[in-house]
$ cat target.cif   # mmCIF, C-alpha atoms
data_coords
#
loop_
_atom_site.label_atom_id
_atom_site.label_comp_id
_atom_site.auth_asym_id
_atom_site.auth_seq_id
_atom_site.Cartn_x
_atom_site.Cartn_y
_atom_site.Cartn_z
CA MET V 1 -28.69 -11.58 -79.92
CA VAL V 2 -31.42 -13.72 -78.35
CA ALA V 3 -29.55 -16.93 -79.11
CA ALA V 4 -26.33 -15.58 -77.60
CA ALA V 5 -28.16 -14.49 -74.46
CA LEU V 6 -29.93 -17.85 -74.15
CA LEU V 7 -26.69 -19.79 -74.57
CA LEU V 8 -24.81 -17.59 -72.10
CA SER V 9 -27.58 -17.99 -69.56
CA LEU V 10 -27.65 -21.76 -70.03
CA ALA V 11 -23.88 -21.76 -69.49
CA THR V 12 -24.48 -19.83 -66.26
CA LEU V 13 -26.88 -22.50 -65.06
CA VAL V 14 -24.21 -25.12 -65.70
CA LYS V 15 -21.48 -23.12 -63.96
CA GLU V 16 -22.30 -19.91 -62.13
CA VAL V 17 -18.86 -18.48 -62.91
CA ALA V 18 -20.29 -17.54 -66.33
CA LEU V 19 -22.65 -15.09 -64.59
CA GLY V 20 -19.93 -12.44 -64.74
CA VAL V 21 -19.89 -12.61 -68.54
CA LEU V 22 -23.49 -11.35 -68.78
CA PRO V 23 -22.78 -7.76 -67.65
CA LEU V 24 -19.63 -7.77 -69.81
CA ALA V 25 -21.79 -8.72 -72.78
CA LEU V 26 -24.22 -5.91 -71.94
CA ILE V 27 -21.34 -3.42 -71.89
CA LEU V 28 -20.24 -4.75 -75.27
CA ILE V 29 -23.72 -4.29 -76.70
CA VAL V 30 -23.89 -0.72 -75.41
CA ALA V 31 -20.46 0.03 -76.91
CA ARG V 32 -21.24 -1.56 -80.28
CA THR V 33 -24.60 0.19 -80.69
CA ARG V 34 -23.38 3.71 -80.04
CA ASN V 35 -24.33 4.72 -83.58
CA CYS V 36 -27.90 3.46 -83.23
CA ARG V 37 -30.87 5.53 -82.22
CA PRO V 38 -31.37 5.61 -78.42
CA ALA V 39 -34.66 3.70 -78.67
CA MET V 40 -33.07 0.92 -80.70
CA ARG V 41 -30.09 0.80 -78.36
CA LEU V 42 -32.37 0.48 -75.35
CA GLY V 43 -34.39 -2.16 -77.15
CA LEU V 44 -31.33 -4.29 -77.87
CA VAL V 45 -30.12 -4.05 -74.28
CA ALA V 46 -33.59 -4.97 -73.04
CA LEU V 47 -33.72 -7.87 -75.50
CA PHE V 48 -30.47 -9.31 -74.16
CA ALA V 49 -31.45 -8.77 -70.52
CA LEU V 50 -34.89 -10.32 -71.02
CA SER V 51 -33.46 -13.34 -72.82
CA CYS V 52 -31.14 -13.96 -69.87
CA SER V 53 -33.97 -13.43 -67.40
CA VAL V 54 -36.23 -15.96 -69.10
CA VAL V 55 -33.59 -18.66 -68.61
CA LEU V 56 -32.42 -17.70 -65.13
CA THR V 57 -35.72 -16.71 -63.49
CA PRO V 58 -37.15 -20.21 -62.85
CA TRP V 59 -33.96 -21.35 -61.13
CA THR V 60 -33.64 -18.10 -59.19
CA LEU V 61 -37.20 -18.46 -57.92
CA ARG V 62 -36.55 -22.07 -56.99
CA ASN V 63 -33.45 -21.03 -55.06
CA TYR V 64 -35.44 -18.38 -53.21
CA GLU V 65 -38.03 -21.01 -52.33
CA VAL V 66 -35.41 -23.40 -50.99
CA TYR V 67 -32.80 -21.12 -49.46
CA ASP V 68 -34.76 -17.93 -48.76
CA ARG V 69 -31.96 -16.01 -50.48
CA PHE V 70 -31.49 -14.38 -53.89
CA VAL V 71 -29.26 -16.79 -55.86
CA PRO V 72 -29.49 -16.38 -59.65
CA ALA V 73 -27.44 -19.43 -60.52
CA GLY V 74 -25.37 -21.31 -57.98
CA ALA V 75 -23.35 -20.74 -54.84
CA THR V 76 -20.17 -22.75 -55.09
CA LEU V 77 -17.76 -19.83 -54.93
CA GLY V 78 -17.38 -19.93 -51.16
CA LYS V 79 -16.56 -23.63 -51.05
CA ASN V 80 -14.17 -23.30 -53.99
CA MET V 81 -12.38 -20.41 -52.34
CA TYR V 82 -12.10 -22.34 -49.10
CA MET V 83 -10.57 -25.32 -50.90
CA GLY V 84 -8.57 -23.29 -53.39
CA LEU V 85 -6.91 -20.56 -51.42
CA ASN V 86 -5.51 -22.51 -48.55
CA ASP V 87 -5.40 -26.12 -49.61
CA ASP V 88 -2.51 -28.21 -50.61
CA TYR V 89 -1.55 -29.37 -54.05
CA ARG V 90 -4.43 -31.38 -55.44
CA ASN V 91 -3.26 -33.67 -58.22
CA LEU V 92 -4.22 -36.54 -55.99
CA ASP V 93 -4.83 -38.92 -58.87
CA TYR V 94 -1.17 -39.91 -58.89
CA PRO V 95 -0.82 -43.48 -57.59
CA ARG V 96 0.32 -43.78 -53.99
CA ARG V 97 3.66 -45.17 -55.08
CA MET V 98 4.38 -41.93 -56.94
CA GLN V 99 2.94 -39.34 -54.61
CA ALA V 100 5.99 -38.96 -52.38
CA GLU V 101 8.27 -38.43 -55.35
CA ILE V 102 5.88 -35.98 -57.00
CA ARG V 103 5.69 -33.97 -53.80
CA ARG V 104 9.47 -33.91 -53.58
CA ALA V 105 9.65 -32.72 -57.20
CA ASN V 106 7.24 -29.89 -56.33
CA ALA V 107 8.85 -29.05 -53.01
CA GLY V 108 10.44 -25.89 -54.27
CA VAL V 109 7.21 -24.50 -55.65
CA LEU V 110 5.00 -25.69 -52.86
CA ALA V 111 7.30 -24.75 -50.02
CA VAL V 112 4.74 -22.43 -48.55
CA ARG V 113 1.74 -24.65 -49.26
CA VAL V 114 2.70 -28.13 -48.09
CA GLY V 115 1.32 -28.93 -44.68
CA ASP V 116 -1.04 -26.79 -42.63
CA ALA V 117 -2.40 -23.56 -43.90
CA PRO V 118 -1.53 -20.38 -41.99
CA GLU V 119 -3.69 -19.99 -38.92
CA GLY V 120 -7.05 -18.35 -39.03
CA TRP V 121 -8.52 -19.86 -42.18
CA ARG V 122 -11.60 -21.72 -41.02
CA SER V 123 -14.67 -22.63 -42.98
CA SER V 124 -17.97 -21.03 -42.08
CA THR V 125 -20.49 -23.07 -40.09
CA ALA V 126 -23.60 -21.09 -40.98
CA VAL V 127 -26.71 -23.25 -41.26
CA ASN V 128 -27.96 -21.68 -44.46
CA VAL V 129 -25.78 -22.91 -47.31
CA ILE V 130 -25.91 -19.58 -49.12
CA ASP V 131 -24.88 -17.69 -45.99
CA ARG V 132 -22.13 -20.27 -45.54
CA SER V 133 -20.88 -19.65 -49.06
CA ASN V 134 -20.98 -15.88 -48.64
CA GLU V 135 -19.13 -16.07 -45.33
CA ASN V 136 -16.48 -18.28 -46.91
CA VAL V 137 -16.03 -15.73 -49.70
CA ASP V 138 -15.54 -12.95 -47.14
CA GLN V 139 -13.15 -15.06 -45.11
CA GLY V 140 -11.29 -16.09 -48.24
CA LEU V 141 -10.77 -12.49 -49.33
CA ALA V 142 -9.63 -11.56 -45.83
CA PHE V 143 -7.24 -14.51 -45.84
CA ALA V 144 -5.83 -13.47 -49.21
CA ARG V 145 -5.31 -9.92 -47.97
CA GLY V 146 -3.62 -11.14 -44.80
CA HIS V 147 -1.43 -13.77 -46.50
CA PHE V 148 -0.80 -12.22 -49.85
CA GLY V 149 2.59 -13.83 -50.47
CA TYR V 150 1.29 -17.29 -49.58
CA VAL V 151 -1.69 -16.92 -51.90
CA LEU V 152 0.42 -15.47 -54.71
CA ARG V 153 2.81 -18.41 -54.69
CA SER V 154 -0.07 -20.89 -54.74
CA ARG V 155 -1.59 -19.06 -57.73
CA LEU V 156 1.67 -19.56 -59.63
CA LYS V 157 1.34 -23.31 -59.16
CA LEU V 158 -2.27 -23.05 -60.30
CA LEU V 159 -1.25 -21.24 -63.49
CA ALA V 160 1.52 -23.76 -64.06
CA ASP V 161 -0.97 -26.61 -63.85
CA TRP V 162 -3.36 -24.86 -66.20
CA ALA V 163 -0.68 -24.33 -68.81
CA SER V 164 0.82 -27.76 -68.30
CA PRO V 165 0.75 -29.98 -71.37
CA MET V 166 0.38 -32.94 -68.95
CA SER V 167 -3.37 -33.12 -68.53
CA PHE V 168 -5.40 -35.30 -66.21
CA PHE V 169 -6.32 -37.68 -69.03
CA LEU V 170 -2.84 -37.88 -70.47
CA ARG V 171 -1.54 -38.81 -67.05
CA HIS V 172 -4.09 -41.60 -66.75
CA TYR V 173 -3.27 -42.75 -70.24
CA GLY V 174 0.38 -42.88 -69.25
CA LEU V 175 -0.55 -44.97 -66.23
CA GLY V 176 -2.22 -47.49 -68.54
CA ARG V 177 -5.75 -46.93 -67.26
CA TYR V 178 -7.43 -46.90 -70.66
CA SER V 179 -7.58 -50.23 -72.44
CA GLY V 180 -7.78 -50.58 -76.19
CA PRO V 181 -5.59 -50.47 -79.31
CA LEU V 182 -3.70 -47.40 -78.05
CA ASP V 183 -2.64 -49.19 -74.90
CA ARG V 184 0.46 -50.88 -76.35
CA PRO V 185 3.67 -49.52 -74.73
CA ALA V 186 5.29 -48.34 -77.98
CA VAL V 187 2.10 -46.65 -79.16
CA ARG V 188 1.63 -45.09 -75.75
CA ARG V 189 5.11 -43.57 -75.77
CA ILE V 190 4.63 -41.98 -79.18
CA ALA V 191 1.18 -40.75 -78.22
CA ILE V 192 2.40 -39.25 -74.94
CA VAL V 193 5.27 -37.39 -76.58
CA SER V 194 2.92 -36.05 -79.27
CA ALA V 195 0.30 -35.13 -76.70
CA LEU V 196 2.89 -33.20 -74.73
CA LEU V 197 4.42 -31.36 -77.68
CA LEU V 198 1.25 -30.42 -79.55
CA PRO V 199 -0.36 -28.36 -76.74
CA MET V 200 2.92 -26.53 -76.32
CA VAL V 201 2.92 -25.64 -80.00
CA VAL V 202 -0.74 -24.60 -79.82
CA LEU V 203 -0.25 -22.43 -76.74
CA LEU V 204 2.83 -20.71 -78.18
CA GLY V 205 1.24 -20.20 -81.59
CA SER V 206 -2.09 -19.02 -80.25
CA ILE V 207 -0.65 -15.80 -78.80
CA PRO V 208 0.43 -14.26 -82.11
CA GLY V 209 -2.54 -15.95 -83.75
CA LEU V 210 -5.06 -14.25 -81.47
CA LEU V 211 -3.34 -10.89 -81.83
CA SER V 212 -3.13 -10.81 -85.60
CA CYS V 213 -5.45 -13.37 -87.25
CA ILE V 214 -8.69 -11.89 -85.98
CA GLU V 215 -9.01 -8.72 -87.95
CA ARG V 216 -11.91 -7.07 -86.18
CA HIS V 217 -10.62 -5.41 -83.04
CA TRP V 218 -13.79 -5.79 -81.03
CA ILE V 219 -14.03 -9.55 -81.68
CA ARG V 220 -10.38 -10.04 -80.81
CA TRP V 221 -10.54 -8.06 -77.59
CA SER V 222 -13.87 -9.61 -76.63
CA LEU V 223 -12.34 -13.08 -76.85
CA ILE V 224 -9.23 -11.99 -74.98
CA GLY V 225 -11.38 -10.24 -72.37
CA VAL V 226 -13.54 -13.32 -71.76
CA THR V 227 -10.40 -15.47 -71.50
CA ILE V 228 -8.89 -13.13 -68.92
CA TYR V 229 -12.18 -13.10 -67.00
CA PHE V 230 -12.25 -16.91 -66.72
CA LEU V 231 -8.56 -16.94 -65.82
CA LEU V 232 -9.16 -14.52 -62.96
CA ALA V 233 -12.32 -16.28 -61.79
CA GLY V 234 -10.66 -19.69 -61.94
CA SER V 235 -7.61 -18.43 -60.08
CA LEU V 236 -9.51 -19.03 -56.84
CA LEU V 237 -9.62 -22.79 -57.39
CA ASN V 238 -7.10 -25.27 -56.09
CA ALA V 239 -4.21 -26.20 -58.34
CA SER V 240 -4.92 -29.27 -60.42
CA THR V 241 -4.39 -30.25 -64.02
CA ARG V 242 -8.00 -31.41 -64.07
CA TYR V 243 -9.01 -27.85 -64.72
CA ARG V 244 -8.80 -26.16 -68.06
CA ILE V 245 -10.11 -22.88 -69.41
CA SER V 246 -12.63 -23.85 -72.07
CA ILE V 247 -10.99 -21.90 -74.89
CA GLU V 248 -8.77 -24.59 -76.29
CA PRO V 249 -10.70 -24.90 -79.58
CA LEU V 250 -10.20 -21.18 -80.04
CA LEU V 251 -6.49 -21.49 -79.29
CA ILE V 252 -6.14 -24.29 -81.85
CA VAL V 253 -7.74 -22.11 -84.53
CA ALA V 254 -5.58 -19.14 -83.55
CA ALA V 255 -2.42 -21.24 -83.63
CA ALA V 256 -3.43 -22.65 -87.02
CA GLY V 257 -3.92 -19.11 -88.27
CA PHE V 258 -0.48 -18.17 -87.08
CA LEU V 259 1.18 -21.16 -88.74
CA ALA V 260 -0.72 -20.58 -91.99
CA ARG V 261 0.39 -16.96 -92.20
CA ILE V 262 3.82 -17.28 -90.73
CA GLY V 263 5.56 -16.32 -93.94
CA GLN V 264 3.38 -13.30 -94.62
CA GLY V 265 5.16 -10.91 -92.33
CA ALA V 266 2.16 -10.08 -90.14
CA TYR V 267 4.24 -10.86 -87.09
CA ARG V 268 6.97 -8.44 -87.83
CA ARG V 269 4.88 -5.70 -86.30
CA SER V 270 6.66 -4.74 -83.12
CA THR V 271 3.60 -4.90 -80.88
CA VAL V 272 2.56 -8.38 -81.91
CA GLY V 273 6.12 -9.61 -81.80
CA LEU V 274 6.81 -8.14 -78.35
CA VAL V 275 3.58 -9.43 -76.81
CA SER V 276 4.09 -12.86 -78.38
CA LEU V 277 7.63 -12.98 -77.04
CA GLY V 278 6.52 -11.93 -73.58
CA GLY V 279 3.67 -14.44 -73.58
CA GLY V 280 5.96 -17.17 -74.80
CA LEU V 281 8.47 -16.48 -72.04
CA ILE V 282 5.69 -16.60 -69.44
CA LEU V 283 4.52 -19.95 -70.81
CA ILE V 284 8.03 -21.35 -70.75
CA GLY V 285 8.41 -20.15 -67.17
CA LEU V 286 5.18 -21.89 -66.16
CA TRP V 287 6.29 -25.09 -67.84
CA ALA V 288 9.59 -24.84 -66.01
CA LEU V 289 7.72 -24.74 -62.69
CA ASN V 290 6.23 -28.16 -63.49
CA TRP V 291 9.31 -29.56 -65.20
CA LEU V 292 10.52 -31.67 -62.28
CA GLU V 293 7.06 -33.11 -61.71
CA LEU V 294 6.73 -33.95 -65.39
CA THR V 295 10.12 -35.64 -65.63
CA ALA V 296 9.52 -37.53 -62.39
CA PHE V 297 6.26 -38.86 -63.75
CA LEU V 298 7.66 -39.75 -67.18
CA GLY V 299 10.57 -41.50 -65.50
CA LYS V 300 8.14 -43.71 -63.62
CA ILE V 301 5.97 -44.69 -66.57
CA TRP V 302 8.48 -44.86 -69.42
CA MET P 1 -33.01 10.20 -101.20
CA LYS P 2 -33.73 6.61 -102.17
CA SER P 3 -31.04 5.19 -99.87
CA ARG P 4 -32.45 7.20 -96.94
CA HIS P 5 -35.91 5.69 -97.49
CA LEU P 6 -34.36 2.20 -97.63
CA SER P 7 -32.51 2.88 -94.38
CA LYS P 8 -35.73 4.05 -92.75
CA ASP P 9 -37.54 0.92 -93.89
CA ARG P 10 -34.73 -1.30 -92.63
CA ALA P 11 -34.65 0.54 -89.30
CA SER P 12 -38.41 0.25 -88.81
CA THR P 13 -38.28 -3.48 -89.71
CA SER P 14 -35.51 -4.03 -87.17
CA GLY P 15 -37.40 -2.01 -84.60
CA ARG P 16 -40.54 -4.08 -85.16
CA ALA P 17 -38.55 -7.30 -84.84
CA VAL P 18 -36.99 -6.13 -81.56
CA ARG P 19 -40.38 -5.12 -80.17
CA ARG P 20 -41.87 -8.50 -81.14
CA TRP P 21 -39.07 -10.36 -79.45
CA ILE P 22 -39.36 -8.21 -76.34
CA GLY P 23 -43.09 -8.87 -76.25
CA ALA P 24 -42.60 -12.62 -76.59
CA LEU P 25 -39.93 -12.74 -73.89
CA LEU P 26 -41.99 -10.61 -71.52
CA THR P 27 -44.91 -12.99 -72.01
CA ILE P 28 -42.74 -16.01 -71.23
CA LEU P 29 -41.35 -14.26 -68.16
CA LEU P 30 -44.85 -13.43 -66.96
CA VAL P 31 -45.94 -17.05 -67.35
CA GLU P 32 -42.89 -18.19 -65.40
CA LEU P 33 -43.67 -15.78 -62.57
CA LEU P 34 -47.32 -16.86 -62.49
CA LEU P 35 -46.40 -20.53 -62.34
CA ALA P 36 -43.87 -19.82 -59.60
CA GLY P 37 -46.52 -17.96 -57.64
CA VAL P 38 -48.91 -20.87 -57.91
CA GLU P 39 -46.16 -23.29 -56.86
CA HIS P 40 -45.22 -21.06 -53.95
CA ARG P 41 -48.83 -20.86 -52.70
CA GLY P 42 -49.20 -24.60 -53.09
CA GLY P 43 -45.92 -25.22 -51.36
CA THR P 44 -46.85 -22.92 -48.51
CA ALA P 45 -50.15 -24.72 -47.98
CA LEU P 46 -48.47 -28.09 -48.18
CA ARG P 47 -45.81 -27.01 -45.74
CA ALA P 48 -48.45 -25.88 -43.28
CA GLU P 49 -50.18 -29.23 -43.54
CA LEU P 50 -46.93 -31.12 -43.20
CA ASP P 51 -45.89 -29.00 -40.24
CA SER P 52 -48.95 -30.12 -38.36
CA LYS P 53 -48.31 -33.76 -39.28
CA LEU P 54 -44.69 -33.54 -38.24
CA GLU P 55 -45.31 -31.99 -34.82
CA PRO P 56 -43.56 -31.68 -32.41
CA VAL P 57 -40.51 -31.35 -34.63
CA GLY P 58 -42.49 -29.42 -37.24
CA ALA P 59 -40.73 -26.98 -39.56
CA TRP P 60 -37.28 -28.11 -38.60
CA ALA P 61 -38.09 -31.65 -39.71
CA LEU P 62 -39.34 -30.26 -42.99
CA PHE P 63 -36.03 -28.50 -43.34
CA VAL P 64 -34.21 -31.75 -42.88
CA LEU P 65 -36.28 -33.76 -45.26
CA THR P 66 -36.44 -31.33 -48.15
CA ASN P 67 -33.07 -29.69 -48.12
CA ARG P 68 -30.05 -31.88 -47.69
CA ASP P 69 -27.68 -28.93 -47.61
CA ARG P 70 -29.31 -27.49 -44.54
CA ALA P 71 -29.42 -30.90 -42.97
CA GLU P 72 -25.62 -31.10 -43.04
CA ALA P 73 -25.58 -28.59 -40.22
CA LEU P 74 -27.63 -30.71 -37.82
CA GLY P 75 -25.92 -31.44 -34.56
CA ALA P 76 -26.10 -34.75 -32.68
CA ASP P 77 -28.68 -33.36 -30.23
CA GLU P 78 -30.92 -32.23 -33.06
CA ILE P 79 -30.66 -35.58 -34.79
CA ALA P 80 -31.46 -37.31 -31.51
CA ALA P 81 -34.51 -35.06 -31.14
CA LEU P 82 -35.68 -36.04 -34.60
CA VAL P 83 -35.14 -39.70 -33.86
CA SER P 84 -36.98 -39.57 -30.56
CA SER P 85 -39.84 -37.51 -32.00
CA GLY P 86 -41.67 -40.74 -32.69
CA ASN P 87 -42.15 -40.08 -36.38
CA PRO P 88 -41.00 -43.24 -38.17
CA LEU P 89 -40.42 -41.42 -41.46
CA LEU P 90 -37.89 -39.13 -39.85
CA ARG P 91 -36.13 -42.04 -38.24
CA GLU P 92 -36.02 -43.98 -41.47
CA TRP P 93 -34.77 -40.98 -43.40
CA ILE P 94 -31.83 -40.51 -41.08
CA PHE P 95 -30.72 -44.10 -41.50
CA THR P 96 -31.55 -44.76 -45.11
CA THR P 97 -31.74 -41.54 -47.11
CA ASN P 98 -28.53 -39.76 -46.30
CA PRO P 99 -26.85 -41.49 -43.45
CA SER P 100 -23.22 -41.43 -44.49
CA ARG P 101 -23.12 -37.74 -45.15
CA LEU P 102 -25.29 -36.55 -42.31
CA VAL P 103 -24.81 -38.96 -39.49
CA ARG P 104 -21.42 -40.43 -38.68
CA PRO P 105 -21.24 -44.19 -37.97
CA ARG P 106 -20.67 -43.63 -34.26
CA GLN P 107 -23.66 -41.32 -34.10
CA GLN P 108 -25.72 -43.92 -35.94
CA GLU P 109 -24.81 -46.54 -33.37
CA ARG P 110 -25.85 -44.27 -30.51
CA LEU P 111 -29.08 -43.34 -32.24
CA LEU P 112 -29.93 -46.93 -33.13
CA GLU P 113 -30.01 -47.67 -29.44
CA GLN P 114 -32.75 -45.09 -29.09
CA LEU P 115 -34.94 -46.61 -31.76
CA GLU P 116 -37.85 -48.43 -30.24
CA ASP P 117 -38.90 -50.31 -33.30
CA PRO P 118 -36.09 -50.82 -35.79
CA GLY P 119 -38.15 -53.33 -37.77
CA SER P 120 -41.04 -50.97 -38.40
CA ALA P 121 -43.28 -51.27 -41.38
CA ALA P 122 -42.32 -47.74 -42.43
CA ARG P 123 -38.69 -48.74 -42.69
CA ALA P 124 -39.56 -51.78 -44.76
CA ARG P 125 -41.68 -49.63 -47.07
CA PHE P 126 -38.92 -47.05 -47.35
CA TYR P 127 -36.25 -49.62 -48.18
CA PHE P 128 -38.46 -51.23 -50.79
CA ASP P 129 -39.47 -48.00 -52.47
CA HIS P 130 -36.12 -46.25 -52.45
CA GLY P 131 -33.60 -49.03 -52.38
CA ILE P 132 -31.19 -49.37 -49.51
CA HIS P 133 -28.28 -47.65 -51.24
CA LYS P 134 -30.19 -44.84 -52.86
CA THR P 135 -29.86 -41.44 -51.24
CA PRO P 136 -32.56 -39.21 -52.65
CA TRP P 137 -33.61 -36.05 -51.00
CA LEU P 138 -37.35 -35.85 -50.89
CA SER P 139 -39.44 -33.33 -52.76
CA LEU P 140 -42.51 -31.95 -51.02
CA ALA P 141 -44.71 -34.17 -53.18
CA GLU P 142 -42.76 -37.31 -52.25
CA LEU P 143 -42.83 -36.36 -48.59
CA ASP P 144 -46.56 -35.84 -48.71
CA GLY P 145 -46.98 -39.19 -50.44
CA TYR P 146 -45.03 -41.03 -47.79
CA LEU P 147 -46.88 -39.36 -44.97
CA GLU P 148 -50.11 -40.56 -46.54
CA THR P 149 -48.85 -44.14 -46.61
CA LEU P 150 -48.01 -43.92 -42.93
CA ASP P 151 -51.56 -42.90 -42.19
CA ASP P 152 -52.83 -46.17 -43.67
#

$ encode --input "target.cif" --output "structure tokens"
Amino acid sequence: MVAAALLLSLATLVKEVALGVLPLALILIVARTRNCRPAMRLGLVALFALSCSVVLTPWTLRNYEVYDRFVPAGATLGKNMYMGLNDDYRNLDYPRRMQAEIRRANAGVLAVRVGDAPEGWRSSTAVNVIDRSNENVDQGLAFARGHFGYVLRSRLKLLADWASPMSFFLRHYGLGRYSGPLDRPAVRRIAIVSALLLPMVVLLGSIPGLLSCIERHWIRWSLIGVTIYFLLAGSLLNASTRYRISIEPLLIVAAAGFLARIGQGAYRRSTVGLVSLGGGLILIGLWALNWLELTAFLGKIW
Amino acid sequence: MKSRHLSKDRASTSGRAVRRWIGALLTILLVELLLAGVEHRGGTALRAELDSKLEPVGAWALFVLTNRDRAEALGADEIAALVSSGNPLLREWIFTTNPSRLVRPRQQERLLEQLEDPGSAARARFYFDHGIHKTPWLSLAELDGYLETLDD
């Protein structure tokens, strides 16, 4: 309990987006200890909260000293929302010679994002950086409410980039930016094809794997809940295949579980099968959104 | 009967362990708060002393030198006021500590014209100690240290 709280709090200091997981964890503790005596239940909740406080308090006090505001971890949300909700496509690591073609390949998806943002979205100019961040959050939410269709379409591109098997590093590897024994053209081609196919297999297999390989309901739904939380929180960022949700090791294990038990009939249950099918179709749809960009890039480097 | 006694023992052991952990964490938290209080009092006293040394720019200059994020919001007039305040440390900071992010090249050119003594000893000391390309933002202790060297 203490170790989990300490690790979660340390994660929050690294990235303040993890701050939202702490109250979720508290709710989980309250739910899981419903058979305990009230005193013990209160003690466990206090133990978790105190463990988090011990880690976060020094930085919170430092922030109050510097900014004169209550900031438990960080304050990057406002800036991220400003860049993420109204900015253009951000895979800017493509070489200049490819950028025009990549933009053309994405024209259909980015039709409402290329060029200037709709009027009215201006960054805050408050002197205090925390006030600036908070004002940007308010303005970002107002912008999203006022331009819901625009924001929704840009979130689709964001999801497509997240699910894309073409990662930032794979792209750079394809461009020949990493020297070494894997840099030979023939080796690179095999490696790129493998590196594209394997994440697709993992993502597709992880859906039924998560739903049926973890036998304890509360563990399964905790993991799914945390994943959904980070998906929602990260949905405010700008689209770029630099970003990943840090659950890929879990997805690999889940996919392995699915493949290991594929002949055992666990997936014939209608719920698991239906959800897996639906999830698979969503993934394929997201890959289709990036298909032209992927083929344009592969055509250039092959 | 026996299993109920075992459960009671286990429950009281767990309860003791939870109380011990809570006690330890509360102690650590208390120590953190005490240390922060000491730091805050020390920082307040140091700020008051530095304010008097940095007159007439005073608290605003302290803002600039200890918090880069706030300094991003400085306008050209405010930067000019800092430059013309006569404090060589402020002038050197603008041109060596964080020039590219805070002051645009054209602003730097205009402000350089206002400098009376571009070859000051404070600048030389600053360059030597920090390195010309390094862009630190000064802690209160570092700021105090540099002000002391200027008094020499």

$ atom_distance --input "target.cif" --atom1 "CA of Tyr64 in chain V" --atom2 "CA of Glu32 in chain P"
14.3 Å

$ interface_residues --input "target.cif" --of "chain V" --to "chain P" --cutoff "12 Å" --atoms "only C-alpha atoms" --output "VMD selection string"
chain V and resid 1 to 3 5 to 6 36 to 68 75 124 to 133

$ atom_distance --input "target.cif" --atom1 "CA of Asn290 in chain V" --atom2 "CA of Arg171 in chain V"
13.7 Å

$ resolve_selection --input "target.cif" --expression "the PyMOL selection byres ((chain V and resi 215-228) around 12)" --output "MDAnalysis selection string"
chainID V and resid 17:29 31:32 206:214 229:235 244:248 250:251 254 257 266

$ resolve_selection --input "target.cif" --expression "the PyMOL selection byres ((chain V and resi 81) around 8)" --output "ChimeraX atom specification"
/V:77-80,82-85,136-137,140,236-237

$ write_last_selection --input "target.cif" --atoms "C-alpha atoms" --output "mmCIF file, keeping the file's coordinate frame"
data_model
loop_
_atom_site.group_PDB
_atom_site.id
_atom_site.type_symbol
_atom_site.label_atom_id
_atom_site.label_comp_id
_atom_site.auth_asym_id
_atom_site.auth_seq_id
_atom_site.Cartn_x
_atom_site.Cartn_y
_atom_site.Cartn_z
ATOM 1 C CA LEU V 77 -17.760 -19.830 -54.930
ATOM 2 C CA GLY V 78 -17.380 -19.930 -51.160
ATOM 3 C CA LYS V 79 -16.560 -23.630 -51.050
ATOM 4 C CA ASN V 80 -14.170 -23.300 -53.990
ATOM 5 C CA TYR V 82 -12.100 -22.340 -49.100
ATOM 6 C CA MET V 83 -10.570 -25.320 -50.900
ATOM 7 C CA GLY V 84 -8.570 -23.290 -53.390
ATOM 8 C CA LEU V 85 -6.910 -20.560 -51.420
ATOM 9 C CA ASN V 136 -16.480 -18.280 -46.910
ATOM 10 C CA VAL V 137 -16.030 -15.730 -49.700
ATOM 11 C CA GLY V 140 -11.290 -16.090 -48.240
ATOM 12 C CA LEU V 236 -9.510 -19.030 -56.840
ATOM 13 C CA LEU V 237 -9.620 -22.790 -57.390
#

$ atom_distance --input "target.cif" --atom1 "CA of Gly108 in chain V" --atom2 "CA of Ala191 in chain V"
29.7 Å

$ decode --input "target.cif" --residues "range 43-50 of chain V" --atoms "N, CA and C atoms" --output "compact mmCIF listing (two decimals), in the first residue's frame"
# COMPACT_ATOMS: atom_id res chain seq x y z
N GLY V 43 -7.96 3.69 8.42
CA GLY V 43 -6.51 3.63 8.56
C GLY V 43 -5.82 3.40 7.23
N LEU V 44 -6.38 2.50 6.41
CA LEU V 44 -5.76 2.22 5.12
C LEU V 44 -5.87 3.42 4.18
N VAL V 45 -6.99 4.08 4.20
CA VAL V 45 -7.15 5.29 3.37
C VAL V 45 -6.16 6.36 3.82
N ALA V 46 -6.06 6.53 5.14
CA ALA V 46 -5.11 7.52 5.68
C ALA V 46 -3.68 7.15 5.32
N LEU V 47 -3.38 5.87 5.36
CA LEU V 47 -2.03 5.41 5.02
C LEU V 47 -1.68 5.77 3.59
N PHE V 48 -2.60 5.53 2.69
CA PHE V 48 -2.36 5.86 1.27
C PHE V 48 -2.20 7.36 1.10
N ALA V 49 -3.14 8.12 1.70
CA ALA V 49 -3.11 9.58 1.54
C ALA V 49 -1.83 10.18 2.13
N LEU V 50 -1.42 9.68 3.29
CA LEU V 50 -0.20 10.19 3.92
C LEU V 50 1.03 9.85 3.09
